[in-house]
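> Here it is, the structure in full.
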Amino acid sequence: NAGVTQTPKFRVLKTGQSMTLLCAQDMNHEYMYWYRQDPGMGLRLIHYSVGEGTTAKGEVPDGYNVSRLKKQNFLLGLESAAPSQTSVYFCASSPRTGLGNQPQHFGDGTRLSIL
Amino acid sequence: RKEVEQDPGPFNVPEGATVAFNCTYSNSASQSFFWYRQDCRKEPKLLMSVYSSGNEDGRFTAQLNRASQYISLLIRDSKLSDSATYLCVVILTGGGNKLTFGTGTQLKVEL
């Protein structure tokens, strides 16, 4: 089972360049999330989606855009990369919440460096 | 004040020891609680959910104290393979199943 797959695994960018991180899940989950993890900060939510065609801002959305055109894919875009966006990015997904909240399943991360 | 606070550690314990981590959360409206485990340079993985009545999974026991707004994780008979960072996670009200993470407590189990 693939679960949650992130591409690429690593990337180095120059300041001002743009790129898109791809997250794909094969578990038919409704909800998908993008986090960043920085030393001493823990994981922080960037954007999330509760269904195909819908997205919402998380805790640290500035400088990022997202799209959920297909249920299984959630894209994170950096329009003009800045050194402050150097981080490890994790994608996650979960089923729609029903009787209780659901734990999230994570991809194995994308390490992004902005020079 | 952070919404979820944990002692960053590291906790260095000998193999076979019992170790406990605490976590406090600031929002009394928090609905659900989890412990995740994260190995160095890896993704977080769910260790266990935390239920109001407390719950146990093998060597791991989780407790929730809503009145004092803290969560605990007890690991008995520590193994070398338990070395990792343990993340306390809460879900607030408001929909979207959004997780709020603590910064994690690092555990190192030594021979």
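Chain labels run A, B, ... following the order of the structure tokens; each chain numbers its residues from 1, and ligands are numbered from 1 in the order shown.
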Please provide as a VMD selection string all residues within 12 Å of Leu45 of chain A, with the sequence filter that same-chain residues fewer than 4 positions apart are discarded (counting only C-alpha atoms).
(chain A and resid 32 to 38 41 49 56 to 62 64 89 to 92) or (chain B and resid 96 to 101)
> Return the neighbours of chain A among the residues of chain B, cut-off 10 Å, counting only C-alpha atoms, as a PyMOL selection string.
chain B and resi 2+4+8+31-36+41-49+87+89+91-93+95-104
> Just how far from atom CA of Ile71 of chain B is atom CA of Ser52 of chain B, in Å to one decimal?
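We find that atom CA of Ser52 of chain B and atom CA of Ile71 of chain B lie 9.8 Å from each other.
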> For the structure I just gave you, how does DSSP split chain A - specifically, which residues are strand (DSSP E or B)? Reply as a ChimeraX atom specification.
/A:4-7,10-13,19-25,31-38,42-51,54-57,65-67,73-78,87-94,105-106,110-114
> One decimal, Å: what's the distance from atom CA of Asp26 of chain A over to atom CA of Arg68 of chain A, could you say?
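The value is 14.4 Å.
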> Got a sec: who's within 8 Å of segment 18-23 of chain A, counting only C-alpha atoms, leaving out chain neighbours fewer than 6 positions off, as a list in words?
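Residues near the query, excluding close chain neighbours: Val4, Thr5, Gln6, Thr7, Pro8, Asn73, Phe74, Leu75, Leu76, Gly77, Leu78, Glu79, Ser80, Ala81, Cys91 and Gly107 of chain A.
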> When you draw a straight line from atom CA of Ala2 of chain A to atom CA of Gln25 of chain A, how long is it in Å?
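Result for atom CA of Ala2 of chain A versus atom CA of Gln25 of chain A: 7.6 Å, one decimal.
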> Counting only C-alpha atoms, which of B:Gly16, B:Glu5, B:Asp82, B:Phe21 gets nearest to Gln63 of chain B?
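Looking only at the distances to Gln63 of chain B, the closest residue turns out to be B:Phe21.
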> Could you name the residues that touch Val12 of chain A at 8 Å or less, counting only C-alpha atoms, but leaving out those on the same chain fewer than 4 positions away, as number ranges by chain?
A: 112-115
> Only C-alpha atoms, please: the residues just picked out, written as a PDB file, in the first residue's frame.

ATOM      1  CA  LEU A 112      13.260  21.980   0.634  1.00  0.00           C
ATOM      2  CA  SER A 113      16.180  24.398   0.790  1.00  0.00           C
ATOM      3  CA  ILE A 114      15.971  27.946  -0.522  1.00  0.00           C
ATOM      4  CA  LEU A 115      19.298  29.627  -1.191  1.00  0.00           C
TER       5      LEU A 115
END
> Please provide as a compact mmCIF listing (two decimals) with N, CA, C and O atoms, in the first residue's frame all residues within 12 Å of Ala67 of chain B, with the sequence filter that same-chain residues fewer than 6 positions apart are discarded (counting only C-alpha atoms).

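What landed in out-v6.txt:
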# COMPACT_ATOMS: atom_id res chain seq x y z
N THR B 24 0.69 19.56 28.09
CA THR B 24 -0.44 20.39 28.49
C THR B 24 -1.00 21.12 27.28
O THR B 24 -0.27 21.45 26.34
N TYR B 25 -2.30 21.34 27.29
CA TYR B 25 -2.93 22.05 26.20
C TYR B 25 -3.73 23.21 26.77
O TYR B 25 -4.25 23.13 27.88
N SER B 26 -3.84 24.28 25.99
CA SER B 26 -4.40 25.51 26.54
C SER B 26 -5.89 25.69 26.25
O SER B 26 -6.57 26.42 26.98
N ASN B 27 -6.38 25.03 25.20
CA ASN B 27 -7.77 25.25 24.81
C ASN B 27 -8.67 24.18 25.40
O ASN B 27 -8.58 23.01 25.04
N SER B 28 -9.54 24.59 26.31
CA SER B 28 -10.42 23.63 26.97
C SER B 28 -11.43 23.01 26.02
O SER B 28 -12.07 22.02 26.36
N ALA B 29 -11.57 23.59 24.82
CA ALA B 29 -12.51 23.04 23.84
C ALA B 29 -11.88 21.93 23.01
O ALA B 29 -12.51 21.42 22.08
N SER B 30 -10.65 21.55 23.31
CA SER B 30 -9.99 20.48 22.57
C SER B 30 -10.83 19.21 22.66
O SER B 30 -11.33 18.85 23.72
N SER B 52 -10.64 9.40 27.33
CA SER B 52 -10.90 10.02 28.63
C SER B 52 -10.69 9.05 29.79
O SER B 52 -10.26 9.45 30.87
